[in-house]
$ cat data.tsv   # TSV, C-alpha atoms
chain	number	residue	atom	x	y	z
A	1	MET	CA	-35.56	87.06	36.06
A	2	THR	CA	-32.64	86.98	33.62
A	3	GLN	CA	-32.67	86.34	29.92
A	4	GLY	CA	-31.25	83.11	28.56
A	5	THR	CA	-30.16	82.21	25.08
A	6	GLU	CA	-32.74	82.56	22.29
A	7	GLY	CA	-34.75	84.95	24.44
A	8	THR	CA	-35.89	82.26	26.88
A	9	PRO	CA	-36.28	83.80	30.34
A	10	LYS	CA	-34.15	82.04	32.94
A	11	LEU	CA	-36.24	81.55	36.04
A	12	SER	CA	-35.48	79.81	39.29
A	13	ALA	CA	-37.84	78.01	41.65
A	14	LEU	CA	-37.34	76.79	45.20
A	15	VAL	CA	-39.28	73.68	46.22
A	16	VAL	CA	-39.62	73.34	50.00
A	17	GLU	CA	-40.93	69.92	51.02
A	18	ASP	CA	-39.80	67.53	53.76
A	19	SER	CA	-41.17	64.42	52.07
A	20	PRO	CA	-38.50	63.19	49.61
A	21	PRO	CA	-40.95	61.43	47.24
A	22	MET	CA	-43.20	64.49	47.07
A	23	ARG	CA	-40.26	66.81	46.60
A	24	LYS	CA	-38.87	64.67	43.81
A	25	MET	CA	-42.21	64.56	42.03
A	26	ILE	CA	-42.66	68.34	42.23
A	27	VAL	CA	-39.13	68.84	40.94
A	28	PHE	CA	-39.88	66.39	38.15
A	29	ALA	CA	-43.06	68.27	37.25
A	30	LEU	CA	-41.27	71.62	37.24
A	31	SER	CA	-38.52	70.22	35.04
A	32	ARG	CA	-41.17	70.31	32.31
A	33	VAL	CA	-41.32	74.11	32.48
A	34	ARG	CA	-38.79	75.39	29.97
A	35	GLY	CA	-36.25	77.84	31.33
A	36	LEU	CA	-36.98	77.02	34.97
A	37	THR	CA	-34.15	75.93	37.24
A	38	VAL	CA	-35.31	74.13	40.36
A	39	VAL	CA	-33.60	74.04	43.75
A	40	GLU	CA	-34.76	71.78	46.60
A	41	ALA	CA	-35.00	72.50	50.32
A	42	ASP	CA	-35.82	69.93	53.03
A	43	ASP	CA	-37.74	72.31	55.29
A	44	GLY	CA	-38.31	75.96	56.14
A	45	VAL	CA	-34.90	76.45	57.75
A	46	ASP	CA	-33.13	74.94	54.76
A	47	ALA	CA	-35.24	77.22	52.55
A	48	LEU	CA	-34.15	80.35	54.42
A	49	ARG	CA	-30.54	79.25	54.08
A	50	ARG	CA	-30.91	78.91	50.31
A	51	ILE	CA	-32.85	82.15	49.99
A	52	ALA	CA	-30.01	84.00	51.70
A	53	SER	CA	-27.68	83.18	48.82
A	54	THR	CA	-30.04	83.05	45.82
A	55	LYS	CA	-32.93	85.18	44.63
A	56	PHE	CA	-35.69	82.86	43.44
A	57	ASP	CA	-38.53	83.81	41.09
A	58	ILE	CA	-41.07	81.50	42.70
A	59	ILE	CA	-41.35	79.46	45.92
A	60	ILE	CA	-43.41	76.28	46.21
A	61	THR	CA	-43.73	75.12	49.79
A	62	ASP	CA	-45.47	72.46	51.81
A	63	ILE	CA	-47.27	73.62	54.95
A	64	ASN	CA	-46.62	70.76	57.34
A	65	MET	CA	-42.90	70.60	57.94
A	66	PRO	CA	-40.72	70.18	61.01
A	67	ILE	CA	-38.75	73.03	62.62
A	68	LEU	CA	-40.06	75.88	60.43
A	69	ASP	CA	-43.35	75.13	58.75
A	70	GLY	CA	-44.78	76.60	55.55
A	71	LEU	CA	-46.91	79.23	57.30
A	72	LYS	CA	-43.93	80.63	59.20
A	73	LEU	CA	-41.90	80.54	56.01
A	74	VAL	CA	-44.54	82.57	54.11
A	75	LYS	CA	-44.58	85.10	56.95
A	76	ARG	CA	-40.78	85.40	56.97
A	77	LEU	CA	-40.64	85.76	53.21
A	78	ARG	CA	-43.29	88.48	53.07
A	79	ALA	CA	-41.40	90.43	55.73
A	80	ASP	CA	-38.32	90.35	53.50
A	81	GLU	CA	-38.19	93.26	51.04
A	82	ALA	CA	-36.66	91.03	48.35
A	83	TYR	CA	-39.51	88.50	48.60
A	84	ARG	CA	-42.46	90.82	49.14
A	85	ASP	CA	-43.79	90.26	45.63
A	86	VAL	CA	-42.31	86.88	44.73
A	87	PRO	CA	-45.05	84.32	44.05
A	88	ILE	CA	-45.46	81.66	46.73
A	89	ILE	CA	-47.48	78.53	46.05
A	90	ILE	CA	-48.41	76.42	49.05
A	91	ILE	CA	-49.09	72.69	49.04
A	92	THR	CA	-51.92	71.62	51.31
A	93	THR	CA	-54.00	68.60	52.10
A	94	GLU	CA	-57.70	68.42	51.34
A	95	GLY	CA	-58.91	68.89	54.91
A	96	ALA	CA	-56.59	71.77	55.72
A	97	GLU	CA	-58.90	74.64	54.81
A	98	GLU	CA	-57.87	76.65	57.87
A	99	ASP	CA	-54.16	76.37	57.02
A	100	ARG	CA	-54.92	77.31	53.45
A	101	GLN	CA	-56.79	80.45	54.49
A	102	ARG	CA	-54.06	81.42	56.94
A	103	ALA	CA	-51.39	80.99	54.27
A	104	LEU	CA	-53.32	83.11	51.78
A	105	ALA	CA	-53.92	85.76	54.48
A	106	LEU	CA	-50.18	85.79	55.19
A	107	GLY	CA	-49.49	86.50	51.54
A	108	ALA	CA	-49.29	83.19	49.71
A	109	THR	CA	-50.20	83.61	46.05
A	110	ALA	CA	-51.95	80.32	45.32
A	111	TYR	CA	-52.27	76.74	46.54
A	112	ILE	CA	-52.38	73.20	45.25
A	113	THR	CA	-53.93	70.27	47.03
A	114	LYS	CA	-52.44	66.81	47.48
A	115	PRO	CA	-52.43	64.38	45.79
A	116	ILE	CA	-50.77	66.60	43.26
A	117	GLN	CA	-50.66	65.93	39.54
A	118	ALA	CA	-47.81	67.14	37.34
A	119	PRO	CA	-50.03	68.95	34.79
A	120	GLN	CA	-51.77	70.80	37.61
A	121	VAL	CA	-48.45	71.98	39.10
A	122	ILE	CA	-47.04	72.95	35.72
A	123	GLU	CA	-50.18	74.88	34.79
A	124	LEU	CA	-50.30	76.78	38.07
A	125	VAL	CA	-46.60	77.68	38.00
A	126	ARG	CA	-46.88	78.88	34.40
A	127	GLU	CA	-49.93	80.92	35.27
A	128	VAL	CA	-48.35	82.49	38.34
A	129	LEU	CA	-45.13	83.29	36.47
A	130	GLY	CA	-47.10	84.67	33.53
A	131	LEU	CA	-45.56	82.24	31.06
A	132	SER	CA	-47.52	82.03	27.86
A	133	GLU	CA	-48.86	78.88	26.23
A	134	ALA	CA	-46.45	79.39	23.36
A	135	ARG	CA	-43.46	78.81	25.61
A	136	ARG	CA	-44.42	75.21	26.34
B	1	MET	CA	-43.61	68.32	16.03
B	2	THR	CA	-41.28	67.17	13.26
B	3	HIS	CA	-41.92	66.79	9.57
B	4	ASP	CA	-40.78	63.74	7.62
B	5	GLY	CA	-39.81	65.74	4.51
B	6	SER	CA	-42.18	63.83	2.21
B	7	GLY	CA	-43.95	67.03	1.08
B	8	PRO	CA	-45.05	70.47	2.20
B	9	THR	CA	-46.19	70.59	5.80
B	10	LEU	CA	-49.85	71.07	6.61
B	11	GLU	CA	-49.06	74.56	7.84
B	12	ALA	CA	-47.27	75.44	4.55
B	13	GLN	CA	-50.20	74.05	2.54
B	14	THR	CA	-52.66	76.11	4.55
B	15	GLN	CA	-50.56	79.25	4.17
B	16	ALA	CA	-50.30	78.76	0.39
B	17	PHE	CA	-54.04	78.15	0.15
B	18	LEU	CA	-54.78	81.29	2.15
B	19	ARG	CA	-52.40	83.40	0.05
B	20	GLU	CA	-54.05	82.22	-3.17
B	21	PHE	CA	-57.53	82.72	-1.75
B	22	PHE	CA	-56.88	86.29	-0.66
B	23	ALA	CA	-55.11	87.14	-3.96
B	24	LYS	CA	-58.21	86.01	-5.84
B	25	GLY	CA	-60.43	87.97	-3.48
B	26	GLU	CA	-58.30	91.05	-4.00
B	27	GLN	CA	-58.50	90.63	-7.78
B	28	LEU	CA	-62.29	90.28	-7.60
B	29	VAL	CA	-62.68	93.41	-5.49
B	30	ARG	CA	-60.45	95.32	-7.87
B	31	GLU	CA	-62.58	94.18	-10.86
B	32	LEU	CA	-65.80	95.01	-9.02
B	33	ILE	CA	-64.55	98.53	-8.34
B	34	GLU	CA	-63.46	98.98	-11.96
B	35	GLU	CA	-66.83	97.73	-13.22
B	36	ASN	CA	-68.65	99.95	-10.76
B	37	ASP	CA	-66.65	102.98	-11.91
B	38	ARG	CA	-67.29	102.11	-15.54
B	39	LEU	CA	-71.05	101.75	-14.98
B	40	ARG	CA	-71.20	104.96	-12.98
B	41	LEU	CA	-69.44	106.85	-15.78
B	42	SER	CA	-71.69	105.45	-18.49
B	43	LEU	CA	-74.81	106.26	-16.41
B	44	SER	CA	-73.65	109.80	-15.79
B	45	ALA	CA	-73.01	110.12	-19.53
B	46	GLY	CA	-76.68	109.16	-20.12
B	47	ALA	CA	-75.89	105.79	-21.69
B	48	ASN	CA	-77.71	102.47	-20.98
B	49	PRO	CA	-75.85	99.47	-19.64
B	50	THR	CA	-74.47	97.56	-22.57
B	51	ALA	CA	-74.28	93.85	-23.38
B	52	ASP	CA	-70.60	94.09	-22.34
B	53	SER	CA	-71.70	95.12	-18.87
B	54	SER	CA	-74.04	92.16	-18.58
B	55	ARG	CA	-71.25	89.81	-19.57
B	56	THR	CA	-68.91	91.43	-17.08
B	57	ILE	CA	-71.48	91.09	-14.32
B	58	GLU	CA	-72.03	87.44	-15.20
B	59	ARG	CA	-68.27	86.86	-15.14
B	60	LEU	CA	-67.97	88.56	-11.77
B	61	ALA	CA	-70.89	86.52	-10.40
B	62	ARG	CA	-69.11	83.33	-11.50
B	63	GLN	CA	-65.96	84.53	-9.79
B	64	ILE	CA	-67.93	85.14	-6.62
B	65	GLU	CA	-69.33	81.61	-6.82
B	66	LEU	CA	-65.81	80.22	-7.28
B	67	LEU	CA	-64.55	82.21	-4.31
B	68	GLU	CA	-67.44	80.98	-2.18
B	69	ALA	CA	-66.58	77.41	-3.13
B	70	GLU	CA	-62.94	78.03	-2.20
B	71	CYS	CA	-64.06	79.61	1.04
B	72	ALA	CA	-65.96	76.40	1.88
B	73	GLU	CA	-62.84	74.39	1.02
B	74	LEU	CA	-60.79	76.66	3.28
B	75	ARG	CA	-63.20	76.05	6.15
B	76	ARG	CA	-62.87	72.29	5.57
B	77	VAL	CA	-59.06	72.51	5.59
B	78	ALA	CA	-59.13	74.68	8.73
B	79	ALA	CA	-61.35	72.12	10.48
B	80	GLY	CA	-58.83	69.41	9.51
B	81	VAL	CA	-55.97	71.45	10.93
B	82	GLN	CA	-57.92	71.93	14.15
B	83	ASP	CA	-58.65	68.20	14.39
B	84	ARG	CA	-55.02	67.27	13.82
B	85	GLY	CA	-53.90	69.92	16.30
B	86	GLY	CA	-56.34	68.50	18.85
B	87	THR	CA	-55.08	64.99	18.21
B	88	PHE	CA	-51.48	66.05	18.72
B	89	ARG	CA	-52.42	67.88	21.92
B	90	ASP	CA	-54.27	64.80	23.21
B	91	ARG	CA	-51.27	62.62	22.41
B	92	LEU	CA	-48.95	65.08	24.13
B	93	ASP	CA	-51.19	65.06	27.21
B	94	ASP	CA	-51.22	61.24	27.20
B	95	LEU	CA	-47.44	61.18	26.96
B	96	GLU	CA	-47.14	63.72	29.78
B	97	ARG	CA	-49.41	61.58	31.98
B	98	GLU	CA	-47.42	58.45	31.15
B	99	HIS	CA	-44.17	60.28	31.78
B	100	TYR	CA	-45.44	61.43	35.17
B	101	ARG	CA	-46.71	57.94	36.04
B	102	LEU	CA	-43.32	56.42	35.25
B	103	ALA	CA	-41.56	59.12	37.25
B	104	ALA	CA	-43.86	58.45	40.22
B	105	MET	CA	-43.05	54.75	39.99
B	106	TYR	CA	-39.34	55.45	39.79
B	107	VAL	CA	-39.48	57.76	42.82
B	108	ALA	CA	-41.60	55.30	44.80
B	109	GLY	CA	-39.33	52.37	43.96
B	110	SER	CA	-36.15	54.24	44.84
B	111	GLN	CA	-37.64	55.41	48.15
B	112	PHE	CA	-38.52	51.85	49.17
B	113	HIS	CA	-34.98	50.76	48.35
B	114	LEU	CA	-33.57	53.59	50.47
B	115	ALA	CA	-35.71	52.55	53.46
B	116	THR	CA	-33.63	50.72	56.04
B	117	THR	CA	-36.04	50.51	58.97
B	118	ILE	CA	-39.67	49.47	59.34
B	119	ASP	CA	-40.47	53.12	60.14
B	120	ASP	CA	-38.85	54.21	56.88
B	121	VAL	CA	-40.90	51.68	54.94
B	122	LEU	CA	-44.13	52.75	56.64
B	123	ARG	CA	-43.34	56.42	56.04
B	124	THR	CA	-42.65	55.81	52.36
B	125	LEU	CA	-45.76	53.65	52.06
B	126	THR	CA	-47.85	56.40	53.62
B	127	GLU	CA	-46.43	59.10	51.38
B	128	ILE	CA	-46.97	57.04	48.23
B	129	LEU	CA	-50.53	56.04	49.08
B	130	LEU	CA	-51.52	59.46	50.40
B	131	ASN	CA	-49.79	61.78	47.97
B	132	PHE	CA	-49.44	59.76	44.77
B	133	VAL	CA	-52.46	57.47	44.81
B	134	GLY	CA	-54.85	59.62	46.85
B	135	VAL	CA	-55.75	57.14	49.59
B	136	GLY	CA	-57.37	58.84	52.57
B	137	ARG	CA	-57.40	56.03	55.13
B	138	PHE	CA	-55.66	52.70	55.23
B	139	THR	CA	-54.34	50.12	57.66
B	140	VAL	CA	-51.08	48.21	57.33
B	141	TYR	CA	-51.17	44.62	58.58
B	142	VAL	CA	-48.04	42.52	58.92
B	143	VAL	CA	-47.87	38.72	59.06
B	144	ASP	CA	-47.06	36.95	62.31
B	145	GLU	CA	-45.83	33.77	60.67
B	146	GLU	CA	-45.69	31.65	63.83
B	147	ARG	CA	-49.33	32.33	64.65
B	148	GLN	CA	-50.42	32.65	61.01
B	149	MET	CA	-52.16	35.95	61.70
B	150	LEU	CA	-52.15	39.35	60.11
B	151	PHE	CA	-51.88	41.94	62.88
B	152	PRO	CA	-52.53	45.70	62.46
B	153	LEU	CA	-49.25	47.59	62.71
B	154	MET	CA	-50.27	51.05	61.60
B	155	ARG	CA	-53.37	52.95	60.62
B	156	GLU	CA	-53.13	56.27	58.81
B	157	GLY	CA	-54.45	59.04	61.03
B	158	GLU	CA	-55.88	56.71	63.69
B	159	THR	CA	-54.81	54.13	66.24
B	160	THR	CA	-54.89	50.41	65.65
B	161	ALA	CA	-56.13	49.70	69.17
B	162	GLU	CA	-59.61	48.58	68.19
B	163	LEU	CA	-58.63	46.61	65.13
B	164	GLU	CA	-58.70	42.84	65.22
B	165	GLU	CA	-56.16	40.45	63.83
B	166	LEU	CA	-57.00	38.59	60.65
B	167	PRO	CA	-56.40	34.84	60.52
B	168	LEU	CA	-54.50	33.49	57.51
B	169	PRO	CA	-55.12	32.49	54.82
B	170	GLY	CA	-58.52	34.11	55.36
B	171	GLU	CA	-61.76	33.56	53.53
B	172	GLY	CA	-63.66	35.39	50.82
B	173	PRO	CA	-62.05	38.59	49.50
B	174	LEU	CA	-59.16	38.31	52.00
B	175	GLY	CA	-58.43	34.74	50.92
B	176	ASP	CA	-58.49	35.83	47.28
B	177	VAL	CA	-55.60	38.25	47.78
B	178	THR	CA	-53.54	36.30	50.34
B	179	GLY	CA	-53.80	33.29	48.06
B	180	LEU	CA	-52.27	35.12	45.12
B	181	GLY	CA	-48.85	33.77	46.00
B	182	ARG	CA	-47.17	36.80	44.45
B	183	PRO	CA	-47.43	40.60	44.53
B	184	TRP	CA	-50.68	42.11	43.35
B	185	HIS	CA	-50.89	43.10	39.69
B	186	PRO	CA	-53.57	44.88	37.63
B	187	GLY	CA	-56.32	42.43	36.89
B	188	ALA	CA	-55.80	40.43	40.08
B	189	PRO	CA	-58.59	40.32	42.72
B	190	ARG	CA	-58.84	43.53	44.71
B	191	GLY	CA	-60.35	41.93	47.78
B	192	ALA	CA	-62.99	44.62	48.15
B	193	GLY	CA	-65.72	44.17	50.74
B	194	PRO	CA	-67.85	46.15	53.19
B	195	GLY	CA	-65.85	49.21	54.24
B	196	VAL	CA	-62.83	48.02	52.29
B	197	LEU	CA	-62.00	49.32	48.82
B	198	MET	CA	-59.01	47.10	48.30
B	199	GLN	CA	-56.72	44.69	50.14
B	200	LEU	CA	-53.22	44.96	48.75
B	201	PRO	CA	-50.88	42.08	49.65
B	202	LEU	CA	-47.31	43.04	50.50
B	203	CYS	CA	-44.97	40.35	49.26
B	204	SER	CA	-41.33	39.50	49.02
B	205	GLY	CA	-41.35	37.23	46.03
B	206	THR	CA	-43.85	34.51	46.93
B	207	ARG	CA	-43.67	35.20	50.69
B	208	LEU	CA	-46.64	37.12	52.07
B	209	VAL	CA	-45.22	39.76	54.40
B	210	GLY	CA	-48.22	41.98	55.04
B	211	LEU	CA	-51.33	43.58	53.67
B	212	VAL	CA	-52.65	47.12	53.18
B	213	ARG	CA	-56.36	47.59	53.65
B	214	ILE	CA	-57.48	50.63	51.70
B	215	GLU	CA	-60.58	51.92	53.44
B	216	ARG	CA	-61.17	55.37	52.01
B	217	LEU	CA	-59.90	57.64	49.25
B	218	LEU	CA	-59.31	61.38	49.53
B	219	PRO	CA	-62.46	63.40	48.75
B	220	GLN	CA	-61.05	64.61	45.43
B	221	LYS	CA	-60.29	61.06	44.32
B	222	ALA	CA	-63.36	59.34	42.91
B	223	GLU	CA	-62.01	55.82	42.49
B	224	LEU	CA	-58.91	53.71	42.06
B	225	GLY	CA	-58.40	53.81	38.32
B	226	ASP	CA	-56.24	51.98	35.82
B	227	ALA	CA	-53.57	54.66	36.20
B	228	ASP	CA	-53.15	53.67	39.87
B	229	GLY	CA	-52.53	50.03	39.00
B	230	GLY	CA	-48.80	50.43	38.34
B	231	LEU	CA	-48.15	52.21	41.62
B	232	LEU	CA	-50.21	49.72	43.62
B	233	GLU	CA	-48.35	46.85	42.00
B	234	LEU	CA	-45.06	48.53	42.86
B	235	VAL	CA	-46.16	49.06	46.47
B	236	SER	CA	-47.29	45.44	46.70
B	237	GLU	CA	-43.86	44.23	45.63
B	238	HIS	CA	-41.45	46.80	47.02
B	239	ALA	CA	-43.06	47.52	50.38
B	240	GLY	CA	-43.09	43.77	51.05
B	241	VAL	CA	-39.38	43.48	50.24
B	242	GLY	CA	-38.77	46.66	52.26
B	243	ILE	CA	-40.44	45.25	55.38
B	244	GLU	CA	-38.63	41.93	55.07
B	245	THR	CA	-35.25	43.63	54.52
B	246	ALA	CA	-35.79	46.02	57.43
B	247	TRP	CA	-36.77	43.07	59.62
B	248	ILE	CA	-33.63	41.11	58.69
B	249	ARG	CA	-31.49	44.23	59.09
B	250	ALA	CA	-32.94	44.84	62.57
B	251	HIS	CA	-31.75	41.40	63.62
B	252	ALA	CA	-28.50	41.29	61.72
B	253	ARG	CA	-25.15	41.47	63.42
B	254	GLU	CA	-22.85	44.24	62.20
B	255	VAL	CA	-20.53	42.52	59.75
B	256	PRO	CA	-17.75	44.45	57.98
B	257	LEU	CA	-17.61	44.13	54.21
B	258	GLN	CA	-14.68	41.87	53.28
B	259	ARG	CA	-13.33	41.17	49.82
B	260	ALA	CA	-12.64	37.46	50.30
B	261	ALA	CA	-16.04	36.81	51.84
B	262	LEU	CA	-17.84	38.78	49.13
B	263	GLU	CA	-15.93	37.00	46.37
B	264	ARG	CA	-16.98	33.67	47.81
B	265	LEU	CA	-20.61	34.80	47.54
B	266	VAL	CA	-20.28	35.64	43.84
B	267	GLY	CA	-21.79	32.81	41.88
B	268	SER	CA	-22.59	30.84	45.01
$ encode --input "data.tsv" --output "structure tokens"
Amino acid sequence: MTQGTEGTPKLSALVVEDSPPMRKMIVFALSRVRGLTVVEADDGVDALRRIASTKFDIIITDINMPILDGLKLVKRLRADEAYRDVPIIIITTEGAEEDRQRALALGATAYITKPIQAPQVIELVREVLGLSEARR
Amino acid sequence: MTHDGSGPTLEAQTQAFLREFFAKGEQLVRELIEENDRLRLSLSAGANPTADSSRTIERLARQIELLEAECAELRRVAAGVQDRGGTFRDRLDDLEREHYRLAAMYVAGSQFHLATTIDDVLRTLTEILLNFVGVGRFTVYVVDEERQMLFPLMREGETTAELEELPLPGEGPLGDVTGLGRPWHPGAPRGAGPGVLMQLPLCSGTRLVGLVRIERLLPQKAELGDADGGLLELVSEHAGVGIETAWIRAHAREVPLQRAALERLVGS
């Protein structure tokens, strides 16, 4: 985390989601969090490519994705020294309890369930990043 | 929150009130201590409390009453501040919800316009219904215009093998929605029936292209509310256009863009 002007922390988030509408809506929701820059990735492989060049403060990832899914991505990230403690939020569907448990066991920090609502995403990201109410 | 400059803000008024209240309280405490010291001294000197003391005590009692009244006023002002704060928070939440709803509609609309194949349209339709509206199970029917039938083209999570075709224009709830003659809009018939929460016509203008039968919502979604109306209306209009466009595109011959030909089309 770096410090921006007027003491606002500059944070960066990576949104990993293969569904363009979902990805756009999550990015839109996160644009409401002041000081947060959001980068998009189409899938797990694209995410790893972006992670190689940028250190993100939080990762939000879908589970069901082609090529490299969210579970494998969480595993890869937790094996990386630089991402051992970075918060990871997974996006799951209602019936995917098993996936959810596996992701949490692999080291995911929290989860949100589809259909997602912007206030829910914003609240969770703020909570996970430890951003206070006053920064809204 | 901005202030219109017509007077002190509510926050400034509250601060001023509090400052005055605590200054008076401080003054009262100081006077009480002085009076207490004075009484203690006169008692230790063997004197009886004088008429002056009684008057002082009466004055202090009046001051206490005044402070209690101001305290009650302060509580009233504080409650007002809380109410106004709550109102602003509610309005902010409403605006956030509206902002999100409009963004969802923008994203959904742009995705339908980007769809170039029937598969693209179905994928977008699925993502919108599943992830934005919260529909758990639905079937997409498309019109076979020659036979005047709606045939099942896709069912979310299941096959369409056992589903029957629906004759057009249909009767009852089905007839209500196919007879709309335009995309669905909030307030129009939903076409609900046994096992069907809603039948959403997919139109291209006045042409009925297909229909989405919404059979079940996701467990966390209690009902289709007013907030879903805008998205469903958008799906009704844009998915219909998307299917028609993809159908035409699938049968269109590759034609290079040409200035002269395009100019002839302008204003034609």
$ residues_around --input "data.tsv" --residues "A:Ser19" --least-positions-apart "2" --cutoff "9 Å" --atoms "all atoms listed in the file" --output "JSON, numbers by chain"
{"A": [17, 21, 22, 23, 24, 42, 65], "B": [124, 127]}
$ closest_residue --input "data.tsv" --among "B:Asp120, B:Glu20, B:Glu68, B:Asp176" --to "chain A" --atoms "only C-alpha atoms"
B:Asp120
$ atom_distance --input "data.tsv" --atom1 "atom CA of B:Arg76" --atom2 "atom CA of B:Leu95"
28.6 Å
$ closest_atom_pairs --input "data.tsv" --of "chain B" --to "chain A" --cutoff "12 Å" --atoms "only C-alpha atoms" --output "tab-separated table"
residue	atom	partner	partner_atom	distance
B:Arg89	CA	A:Arg136	CA	11.7
B:Leu92	CA	A:Arg136	CA	11.3
B:Asp93	CA	A:Pro119	CA	8.6
B:Asp94	CA	A:Pro119	CA	10.9
B:Leu95	CA	A:Pro119	CA	11.3
B:Glu96	CA	A:Pro119	CA	7.8
B:Arg97	CA	A:Ala118	CA	7.9
B:Glu98	CA	A:Ala118	CA	10.7
B:His99	CA	A:Ala118	CA	9.6
B:Tyr100	CA	A:Ala118	CA	6.6
B:Arg101	CA	A:Ala118	CA	9.4
B:Leu102	CA	A:Met25	CA	10.7
B:Ala103	CA	A:Met25	CA	7.3
B:Ala104	CA	A:Met25	CA	6.6
B:Met105	CA	A:Met25	CA	10.1
B:Tyr106	CA	A:Pro21	CA	9.7
B:Val107	CA	A:Pro21	CA	5.9
B:Ala108	CA	A:Pro21	CA	6.6
B:Gly109	CA	A:Pro21	CA	9.8
B:Ser110	CA	A:Pro21	CA	9.0
B:Gln111	CA	A:Pro21	CA	6.9
B:Phe112	CA	A:Pro21	CA	10.1
B:Leu114	CA	A:Pro20	CA	10.8
B:Ala115	CA	A:Pro20	CA	11.7
B:Asp120	CA	A:Ser19	CA	11.5
B:Arg123	CA	A:Ser19	CA	9.2
B:Thr124	CA	A:Pro21	CA	7.8
B:Leu125	CA	A:Pro21	CA	10.3
B:Thr126	CA	A:Ser19	CA	10.6
B:Glu127	CA	A:Pro21	CA	7.3
B:Ile128	CA	A:Pro21	CA	7.5
B:Leu129	CA	A:Pro115	CA	9.2
B:Leu130	CA	A:Pro115	CA	6.8
B:Asn131	CA	A:Pro115	CA	4.3
B:Phe132	CA	A:Pro115	CA	5.6
B:Val133	CA	A:Pro115	CA	7.0
B:Gly134	CA	A:Pro115	CA	5.4
B:Val135	CA	A:Pro115	CA	8.8
B:Gly136	CA	A:Glu94	CA	9.7
B:Leu217	CA	A:Pro115	CA	10.6
B:Leu218	CA	A:Glu94	CA	7.4
B:Pro219	CA	A:Glu94	CA	7.4
B:Gln220	CA	A:Glu94	CA	7.8
B:Lys221	CA	A:Pro115	CA	8.7
$ write_last_selection --input "data.tsv" --atoms "C-alpha atoms" --output "PDB file, in the frame of the given file"
ATOM      1  CA  ARG B  89     -52.420  67.880  21.920  1.00  0.00           C
ATOM      2  CA  LEU B  92     -48.950  65.080  24.130  1.00  0.00           C
ATOM      3  CA  ASP B  93     -51.190  65.060  27.210  1.00  0.00           C
ATOM      4  CA  ASP B  94     -51.220  61.240  27.200  1.00  0.00           C
ATOM      5  CA  LEU B  95     -47.440  61.180  26.960  1.00  0.00           C
ATOM      6  CA  GLU B  96     -47.140  63.720  29.780  1.00  0.00           C
ATOM      7  CA  ARG B  97     -49.410  61.580  31.980  1.00  0.00           C
ATOM      8  CA  GLU B  98     -47.420  58.450  31.150  1.00  0.00           C
ATOM      9  CA  HIS B  99     -44.170  60.280  31.780  1.00  0.00           C
ATOM     10  CA  TYR B 100     -45.440  61.430  35.170  1.00  0.00           C
ATOM     11  CA  ARG B 101     -46.710  57.940  36.040  1.00  0.00           C
ATOM     12  CA  LEU B 102     -43.320  56.420  35.250  1.00  0.00           C
ATOM     13  CA  ALA B 103     -41.560  59.120  37.250  1.00  0.00           C
ATOM     14  CA  ALA B 104     -43.860  58.450  40.220  1.00  0.00           C
ATOM     15  CA  MET B 105     -43.050  54.750  39.990  1.00  0.00           C
ATOM     16  CA  TYR B 106     -39.340  55.450  39.790  1.00  0.00           C
ATOM     17  CA  VAL B 107     -39.480  57.760  42.820  1.00  0.00           C
ATOM     18  CA  ALA B 108     -41.600  55.300  44.800  1.00  0.00           C
ATOM     19  CA  GLY B 109     -39.330  52.370  43.960  1.00  0.00           C
ATOM     20  CA  SER B 110     -36.150  54.240  44.840  1.00  0.00           C
ATOM     21  CA  GLN B 111     -37.640  55.410  48.150  1.00  0.00           C
ATOM     22  CA  PHE B 112     -38.520  51.850  49.170  1.00  0.00           C
ATOM     23  CA  LEU B 114     -33.570  53.590  50.470  1.00  0.00           C
ATOM     24  CA  ALA B 115     -35.710  52.550  53.460  1.00  0.00           C
ATOM     25  CA  ASP B 120     -38.850  54.210  56.880  1.00  0.00           C
ATOM     26  CA  ARG B 123     -43.340  56.420  56.040  1.00  0.00           C
ATOM     27  CA  THR B 124     -42.650  55.810  52.360  1.00  0.00           C
ATOM     28  CA  LEU B 125     -45.760  53.650  52.060  1.00  0.00           C
ATOM     29  CA  THR B 126     -47.850  56.400  53.620  1.00  0.00           C
ATOM     30  CA  GLU B 127     -46.430  59.100  51.380  1.00  0.00           C
ATOM     31  CA  ILE B 128     -46.970  57.040  48.230  1.00  0.00           C
ATOM     32  CA  LEU B 129     -50.530  56.040  49.080  1.00  0.00           C
ATOM     33  CA  LEU B 130     -51.520  59.460  50.400  1.00  0.00           C
ATOM     34  CA  ASN B 131     -49.790  61.780  47.970  1.00  0.00           C
ATOM     35  CA  PHE B 132     -49.440  59.760  44.770  1.00  0.00           C
ATOM     36  CA  VAL B 133     -52.460  57.470  44.810  1.00  0.00           C
ATOM     37  CA  GLY B 134     -54.850  59.620  46.850  1.00  0.00           C
ATOM     38  CA  VAL B 135     -55.750  57.140  49.590  1.00  0.00           C
ATOM     39  CA  GLY B 136     -57.370  58.840  52.570  1.00  0.00           C
ATOM     40  CA  LEU B 217     -59.900  57.640  49.250  1.00  0.00           C
ATOM     41  CA  LEU B 218     -59.310  61.380  49.530  1.00  0.00           C
ATOM     42  CA  PRO B 219     -62.460  63.400  48.750  1.00  0.00           C
ATOM     43  CA  GLN B 220     -61.050  64.610  45.430  1.00  0.00           C
ATOM     44  CA  LYS B 221     -60.290  61.060  44.320  1.00  0.00           C
TER      45      LYS B 221
END
$ closest_residue --input "data.tsv" --among "A:Leu30, A:Val125, A:Ile51, A:Ile91" --to "A:Leu77" --atoms "all atoms listed in the file"
A:Ile51
$ atom_distance --input "data.tsv" --atom1 "atom CA of B:Ile118" --atom2 "atom CA of B:Gly242"
7.7 Å
